[in-house]
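To start, the structure under review is shown below, and the notes come after it.
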Amino acid sequence: MARKRLPRPIFDYIDGGADDEVSLRRNVTAFSNYELVPDILNDVSAVRTGTTLFGQPSRWPLMLAPTGLTRMFHGHAELAVARAAARHGIVYSLSTMGTTRLEDLAQAFAGPKVFQIYIFKDRGLTAEFVARCRDAGFHGLALTVDTPVAGNRERDRRSGLSLPPKLTLKSLLSFARHPSWSLPALTGSKFDLANVSHRVDALASGPMSLFDYIGGQFDRSVGWRDVEWLARDWNGPLAIKGVMTPEDARRSIASGATGVMVSNHGGRQLDGAPAPIDQIAAVRDAVGGGPDVICDGGIRRGSDVAKALALGATACSIGRPYLYGLAAGGEAGVDRALTLLTEEFARTLMLAGVNDAAALSRGHVRTRENRRAMA
């Protein structure tokens with residue numbers, strides 16, 4: 001439905017990845033390498049799914065990952081997503097590259113909320129974000145560290161996608177075929193990176209590519225001292241997003257983070273990076289039982305969440321699944337996507353003979369290779 005309702009350049013921005021999109025595909029297909037091993041004859045008449053994430057209660061172990069430029073996909077943008085998250089009792093994360101001011105989001109959304117933050121070349125802007133999030137009542141921060149430059153997203157290069165979207169010879173026909181999207185998006189209120197434009201209004205002089213924006217604003221010299229500074233300044237739940245190895249996970253916690261998001265940025269940055277699900281067990285073993293370990297990427301079924309939890313994840317986060325819903329039907333579409341995943345997760349627990357999500361363990365999952373070795 002999203003593919004039908006969006007112009008091709010806009011859909012490709014949601015759907016695409018970097019280079020040959022190997023990591024994009026592997027993020028999803030890697031889950032099929034894991035089998036769920038059920039218990040039997042356990043009472044599953046009542047199933048408990050609740051957990052704690054970023055120090056906040058969550059109805060089940062899922063959070064909505066930060067996604068930039070959300071207004072491109074539906075006019076109600078981040079507020080529509082947050083309202084759906086509130087109904088489902090789960091954490092919502094607002095992106096630095098979002099199109100809604102964090103204060104407006106906080107005022108409209110009383111549920112558990114996280115702000116995804118970058119280290120900008122203008123370090124004062126990053127410090128300002130920390131203060132604004134504290135004042136607005138955000139419960140946690142997620143520092144994204146895998147974007148020193150934009151990945152080679154060839155679909156976006158071919159389509160000439162810009163911020164804000166503009167008509168080009170390449171995209172004119174696709175925009176014309178989707179007037180229900182194009183007319184409001186191209187003639188409505190100004191497209192704005194609402195949280196940064198007051199200080200770094202890079203779009204003031206006209207549209208620019210996402211690649212140029214990232215290259216011009218994000219600091220490539222970010223290091224562990226910046227994590228230590230952010231952890232001290234924020235002094236609250238902090239996850240490092242983009243961790244892929246046990247060593248970096250340990251160092252993240254040692255530097256003051258309270259959790260990690262195991263992520264390759266949805267296959268949109270380093271193509272060929274491992275699928276997050278394949279790194280969860282090693283990361284959990286490295287950091288121990290206390291920190292949050294969030295599997296970010298490739299979730300398409302409630303059973304995927306169960307597999308990640310069995311391997312040691314605290315929770316999973318999704319981006320594309322709710323954006324497809326948003327593009328297809330606005331807030332109702334997001335709600336539908338979350339309802340499907342929620343029902344699938346609860347059903348998976350019951351079929352696996354598990355009456356509490358917290359009881360999922362390594363014994364409930366195995367790889368196909370291990371099965372063959374045992375045979």
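Note on naming: chains are A, B, ... as they come in the structure tokens, residues start from 1 per chain, ligands start from 1 in the order shown.
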
| request: May I have the residues within 8 Å of Asp146 in chain A as a list in words, using only C-alpha atoms and disregarding those fewer than 2 positions away in the same chain? | output: Thr144, Pro148, Lys241, Gly242, Asn264, His265 and Gln269 of chain A

| Please, which residues of range 19-108 of chain A, numbered as in this document, come out strand (DSSP E) from DSSP, as a PyMOL selection string? | chain A and resi 34-36+51-53+56-58+62-64+91-95

| message | Using DSSP assignments from the backbone, pull out every residue in range 51-226 of chain A that falls under helix (DSSP H, G or I) and give it to me as a PyMOL selection string. | response | chain A and resi 70-72+77-88+102-108+123-136+154-159+172-176+179-187+210-217+224-226

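Using only C-alpha atoms, the shortest contact distance between Gly272 in chain A and any of A:Ser303, A:Glu35, A:Gly151, A:Val81 is found at A:Gly151.
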
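With distances restricted to only C-alpha atoms, A:Val196 is the closest residue to Arg101 in chain A from A:Val196, A:Leu349, A:Ile318, A:Ala86.
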
| task | Do a neighbour search on range 246-254 of chain A at 9 Å with only C-alpha atoms, toss out local chain neighbours closer than 5 positions, and write the hits as a PyMOL selection string. | result | chain A and resi 224+227-228+239-240+259-260+262+279-280+282-287+291

Selection to disk with all heavy atoms, as a CSV table (one decimal), in the first residue's frame:
```csv
chain,number,residue,atom,x,y,z
A,224,TRP,N,35.2,8.3,21.9
A,224,TRP,CA,34.7,7.8,23.2
A,224,TRP,C,34.6,8.9,24.2
A,224,TRP,O,33.7,8.9,25.1
A,224,TRP,CB,35.6,6.7,23.7
A,224,TRP,CG,35.4,5.5,22.9
A,224,TRP,CD1,36.3,4.9,22.0
A,224,TRP,CD2,34.2,4.6,22.8
A,224,TRP,NE1,35.8,3.8,21.4
A,224,TRP,CE2,34.5,3.6,21.9
A,224,TRP,CE3,33.0,4.6,23.5
A,224,TRP,CZ2,33.6,2.6,21.6
A,224,TRP,CZ3,32.1,3.6,23.2
A,224,TRP,CH2,32.4,2.6,22.3
A,227,VAL,N,31.2,10.3,24.1
A,227,VAL,CA,30.2,9.5,24.8
A,227,VAL,C,30.3,9.8,26.3
A,227,VAL,O,29.2,9.9,27.0
A,227,VAL,CB,30.5,8.0,24.5
A,227,VAL,CG1,29.5,7.1,25.3
A,227,VAL,CG2,30.3,7.7,23.0
A,228,GLU,N,31.5,9.9,26.8
A,228,GLU,CA,31.6,10.1,28.3
A,228,GLU,C,31.1,11.5,28.6
A,228,GLU,O,30.4,11.6,29.7
A,228,GLU,CB,33.1,10.1,28.6
A,228,GLU,CG,33.7,8.7,28.5
A,228,GLU,CD,35.2,8.7,28.5
A,228,GLU,OE1,35.8,9.7,28.7
A,228,GLU,OE2,35.8,7.6,28.3
A,239,ALA,N,21.5,5.1,25.3
A,239,ALA,CA,21.9,4.0,24.5
A,239,ALA,C,22.8,4.5,23.4
A,239,ALA,O,22.6,5.6,22.8
A,239,ALA,CB,20.7,3.3,23.9
A,240,ILE,N,23.8,3.7,23.0
A,240,ILE,CA,24.6,4.0,21.9
A,240,ILE,C,24.1,3.2,20.7
A,240,ILE,O,24.1,1.9,20.8
A,240,ILE,CB,26.1,3.6,22.2
A,240,ILE,CG1,26.6,4.3,23.5
A,240,ILE,CG2,27.0,4.1,21.0
A,240,ILE,CD1,26.4,5.8,23.5
A,259,GLY,N,22.9,1.4,27.9
A,259,GLY,CA,22.5,0.3,26.9
A,259,GLY,C,23.1,0.5,25.6
A,259,GLY,O,23.7,1.6,25.3
A,260,VAL,N,22.8,-0.4,24.7
A,260,VAL,CA,23.3,-0.3,23.3
A,260,VAL,C,22.2,-0.7,22.4
A,260,VAL,O,21.3,-1.6,22.7
A,260,VAL,CB,24.5,-1.2,23.1
A,260,VAL,CG1,25.7,-0.7,23.9
A,260,VAL,CG2,24.2,-2.7,23.4
A,262,VAL,N,22.0,-2.5,19.0
A,262,VAL,CA,22.8,-3.3,18.0
A,262,VAL,C,22.1,-3.0,16.6
A,262,VAL,O,21.0,-3.5,16.3
A,262,VAL,CB,22.8,-4.8,18.3
A,262,VAL,CG1,23.6,-5.5,17.3
A,262,VAL,CG2,23.3,-5.0,19.8
A,279,GLN,N,24.4,-10.7,16.1
A,279,GLN,CA,25.3,-10.1,17.1
A,279,GLN,C,24.8,-10.1,18.5
A,279,GLN,O,25.5,-9.8,19.5
A,279,GLN,CB,25.7,-8.7,16.7
A,279,GLN,CG,26.3,-8.6,15.3
A,279,GLN,CD,27.6,-9.4,15.1
A,279,GLN,OE1,27.6,-10.5,14.6
A,279,GLN,NE2,28.6,-8.9,15.7
A,280,ILE,N,23.5,-10.3,18.7
A,280,ILE,CA,22.8,-10.1,20.0
A,280,ILE,C,23.4,-11.0,21.1
A,280,ILE,O,23.7,-10.5,22.2
A,280,ILE,CB,21.3,-10.4,19.8
A,280,ILE,CG1,20.7,-9.3,19.0
A,280,ILE,CG2,20.7,-10.4,21.2
A,280,ILE,CD1,20.8,-7.9,19.5
A,282,ALA,N,26.4,-12.4,21.4
A,282,ALA,CA,27.7,-12.1,21.8
A,282,ALA,C,27.7,-10.7,22.6
A,282,ALA,O,28.5,-10.6,23.5
A,282,ALA,CB,28.6,-12.0,20.6
A,283,VAL,N,26.9,-9.8,22.2
A,283,VAL,CA,26.8,-8.5,22.8
A,283,VAL,C,26.3,-8.7,24.3
A,283,VAL,O,26.8,-8.1,25.2
A,283,VAL,CB,26.0,-7.5,22.0
A,283,VAL,CG1,25.6,-6.3,22.9
A,283,VAL,CG2,26.7,-7.1,20.8
A,284,ARG,N,25.2,-9.5,24.4
A,284,ARG,CA,24.7,-9.7,25.8
A,284,ARG,C,25.7,-10.4,26.7
A,284,ARG,O,25.9,-10.0,27.8
A,284,ARG,CB,23.4,-10.6,25.7
A,284,ARG,CG,22.9,-11.0,27.0
A,284,ARG,CD,22.6,-9.8,28.0
A,284,ARG,NE,21.4,-9.1,27.6
A,284,ARG,CZ,21.1,-7.9,28.1
A,284,ARG,NH1,21.9,-7.3,28.9
A,284,ARG,NH2,20.0,-7.3,27.7
A,285,ASP,N,26.4,-11.3,26.1
A,285,ASP,CA,27.5,-12.0,26.9
A,285,ASP,C,28.5,-11.0,27.4
A,285,ASP,O,29.1,-11.1,28.5
A,285,ASP,CB,28.1,-13.1,26.2
A,285,ASP,CG,27.2,-14.3,26.0
A,285,ASP,OD1,26.2,-14.4,26.7
A,285,ASP,OD2,27.5,-15.2,25.1
A,286,ALA,N,28.8,-10.0,26.5
A,286,ALA,CA,29.9,-9.0,26.8
A,286,ALA,C,29.5,-8.0,27.9
A,286,ALA,O,30.3,-7.6,28.7
A,286,ALA,CB,30.2,-8.3,25.5
A,287,VAL,N,28.2,-7.6,27.9
A,287,VAL,CA,27.8,-6.5,28.8
A,287,VAL,C,27.1,-7.1,30.1
A,287,VAL,O,26.9,-6.3,31.0
A,287,VAL,CB,26.9,-5.5,28.1
A,287,VAL,CG1,27.6,-4.9,26.9
A,287,VAL,CG2,25.5,-6.1,27.7
A,291,PRO,N,22.6,-3.9,31.4
A,291,PRO,CA,22.3,-2.9,30.4
A,291,PRO,C,21.2,-3.4,29.4
A,291,PRO,O,21.0,-4.6,29.1
A,291,PRO,CB,23.6,-2.7,29.6
A,291,PRO,CG,24.6,-3.2,30.6
A,291,PRO,CD,24.0,-4.4,31.3
```

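Considering the residues A:Gly68, A:Gly353, A:Gly160, A:Pro61 and counting only C-alpha atoms, Arg320 in chain A has its shortest atom-to-atom contact with A:Gly68.
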
| message | At a cut-off of 9 Å, using only C-alpha atoms, what residues contact Asp156 in chain A? Leave out same-chain residues fewer than 4 positions from it and give the result as a PyMOL selection string. | response | chain A and resi 9-10+12-13+16+152+160-162+209-210

| message | Could you list, as a PyMOL selection string, every residue within 12 Å of Asp219 in chain A, counting only C-alpha atoms and ignoring same-chain residues fewer than 3 positions away? | response | chain A and resi 118-123+125-126+144-150+213-216+222-223+226

Give me a file of those residues, with N, CA, C and O atoms, as a JSON list (two decimals), in the first residue's frame.
```
[["chain", "number", "residue", "atom", "x", "y", "z"],
["A", 118, "TYR", "N", 22.68, 13.24, 17.48],
["A", 118, "TYR", "CA", 23.98, 13.14, 16.82],
["A", 118, "TYR", "C", 24.93, 14.13, 17.49],
["A", 118, "TYR", "O", 24.50, 15.09, 18.14],
["A", 119, "ILE", "N", 26.22, 13.92, 17.29],
["A", 119, "ILE", "CA", 27.21, 14.93, 17.66],
["A", 119, "ILE", "C", 27.45, 15.79, 16.43],
["A", 119, "ILE", "O", 28.00, 15.33, 15.42],
["A", 120, "PHE", "N", 27.01, 17.04, 16.49],
["A", 120, "PHE", "CA", 27.17, 17.97, 15.38],
["A", 120, "PHE", "C", 28.53, 18.64, 15.43],
["A", 120, "PHE", "O", 29.18, 18.70, 16.48],
["A", 121, "LYS", "N", 28.95, 19.15, 14.28],
["A", 121, "LYS", "CA", 30.16, 19.99, 14.27],
["A", 121, "LYS", "C", 29.98, 21.16, 15.22],
["A", 121, "LYS", "O", 30.93, 21.59, 15.88],
["A", 122, "ASP", "N", 28.77, 21.68, 15.28],
["A", 122, "ASP", "CA", 28.42, 22.71, 16.26],
["A", 122, "ASP", "C", 28.08, 21.99, 17.57],
["A", 122, "ASP", "O", 26.95, 21.59, 17.80],
["A", 123, "ARG", "N", 29.09, 21.80, 18.43],
["A", 123, "ARG", "CA", 28.87, 21.05, 19.67],
["A", 123, "ARG", "C", 27.86, 21.75, 20.58],
["A", 123, "ARG", "O", 27.21, 21.11, 21.39],
["A", 125, "LEU", "N", 25.08, 22.91, 19.65],
["A", 125, "LEU", "CA", 23.75, 22.42, 19.29],
["A", 125, "LEU", "C", 23.48, 21.09, 20.00],
["A", 125, "LEU", "O", 22.36, 20.86, 20.49],
["A", 126, "THR", "N", 24.48, 20.23, 20.09],
["A", 126, "THR", "CA", 24.29, 18.97, 20.79],
["A", 126, "THR", "C", 24.01, 19.21, 22.27],
["A", 126, "THR", "O", 23.11, 18.59, 22.86],
["A", 144, "THR", "N", 23.45, 8.15, 17.99],
["A", 144, "THR", "CA", 23.77, 7.41, 16.78],
["A", 144, "THR", "C", 25.22, 7.68, 16.39],
["A", 144, "THR", "O", 25.63, 8.84, 16.26],
["A", 145, "VAL", "N", 26.00, 6.59, 16.19],
["A", 145, "VAL", "CA", 27.44, 6.74, 15.98],
["A", 145, "VAL", "C", 27.91, 6.12, 14.66],
["A", 145, "VAL", "O", 29.12, 6.06, 14.42],
["A", 146, "ASP", "N", 26.99, 5.68, 13.81],
["A", 146, "ASP", "CA", 27.41, 4.99, 12.59],
["A", 146, "ASP", "C", 27.23, 5.84, 11.33],
["A", 146, "ASP", "O", 27.14, 5.31, 10.22],
["A", 147, "THR", "N", 27.22, 7.17, 11.51],
["A", 147, "THR", "CA", 26.94, 8.04, 10.36],
["A", 147, "THR", "C", 27.97, 9.16, 10.24],
["A", 147, "THR", "O", 27.62, 10.34, 10.22],
["A", 148, "PRO", "N", 29.28, 8.83, 10.16],
["A", 148, "PRO", "CA", 30.25, 9.89, 9.92],
["A", 148, "PRO", "C", 30.05, 10.51, 8.54],
["A", 148, "PRO", "O", 30.33, 11.69, 8.32],
["A", 149, "VAL", "N", 29.59, 9.69, 7.60],
["A", 149, "VAL", "CA", 29.15, 10.16, 6.28],
["A", 149, "VAL", "C", 27.90, 9.36, 5.94],
["A", 149, "VAL", "O", 27.63, 8.32, 6.54],
["A", 150, "ALA", "N", 27.15, 9.86, 4.99],
["A", 150, "ALA", "CA", 25.96, 9.12, 4.56],
["A", 150, "ALA", "C", 26.38, 7.92, 3.74],
["A", 150, "ALA", "O", 27.31, 7.98, 2.93],
["A", 213, "TYR", "N", 23.89, 17.26, 3.26],
["A", 213, "TYR", "CA", 23.52, 17.73, 4.60],
["A", 213, "TYR", "C", 24.34, 17.01, 5.66],
["A", 213, "TYR", "O", 24.93, 17.65, 6.55],
["A", 214, "ILE", "N", 24.41, 15.69, 5.58],
["A", 214, "ILE", "CA", 25.15, 14.93, 6.58],
["A", 214, "ILE", "C", 26.63, 15.29, 6.53],
["A", 214, "ILE", "O", 27.28, 15.50, 7.56],
["A", 215, "GLY", "N", 27.17, 15.41, 5.32],
["A", 215, "GLY", "CA", 28.57, 15.76, 5.19],
["A", 215, "GLY", "C", 28.90, 17.13, 5.76],
["A", 215, "GLY", "O", 29.99, 17.36, 6.27],
["A", 216, "GLY", "N", 27.93, 18.03, 5.70],
["A", 216, "GLY", "CA", 28.17, 19.39, 6.17],
["A", 216, "GLY", "C", 27.94, 19.60, 7.65],
["A", 216, "GLY", "O", 28.47, 20.57, 8.22],
["A", 222, "VAL", "N", 34.06, 12.29, 16.08],
["A", 222, "VAL", "CA", 33.42, 11.82, 17.31],
["A", 222, "VAL", "C", 34.17, 10.61, 17.87],
["A", 222, "VAL", "O", 34.52, 9.69, 17.13],
["A", 223, "GLY", "N", 34.43, 10.62, 19.19],
["A", 223, "GLY", "CA", 35.13, 9.51, 19.83],
["A", 223, "GLY", "C", 34.53, 9.18, 21.19],
["A", 223, "GLY", "O", 33.50, 9.73, 21.59],
["A", 226, "ASP", "N", 33.49, 11.82, 23.68],
["A", 226, "ASP", "CA", 32.19, 12.46, 23.46],
["A", 226, "ASP", "C", 31.08, 11.66, 24.12],
["A", 226, "ASP", "O", 30.12, 12.24, 24.66]]
```

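Near Ala337 in chain A, within a cut-off of 8 Å and counting only C-alpha atoms, sit the residues A:Pro321, A:Tyr322, A:Gly325, A:Gly333, A:Val334, A:Asp335, A:Thr339, A:Leu340, A:Leu341, with same-chain residues fewer than 2 positions away left out.
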
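CA of Phe54 in chain A to CA of Pro237 in chain A spans 5.4 Å [interatomic distance, one decimal].
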
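The interatomic distance for the pair CA of Gly256 in chain A and CA of Trp234 in chain A works out to 10.1 Å.
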
| query | When you draw a straight line from CA of Trp229 in chain A to CA of Leu143 in chain A, how long is it in Å? | reply | 11.9 Å

| task | Tell me which protein, DNA and RNA residues are within 10 Å of Phe345 in chain A, counting only C-alpha atoms, leaving out same-chain ones fewer than 6 positions away, and put them as an NGL selection string. | result | :A and (49 or 60-61 or 301-306 or 339 or 351 or 357)
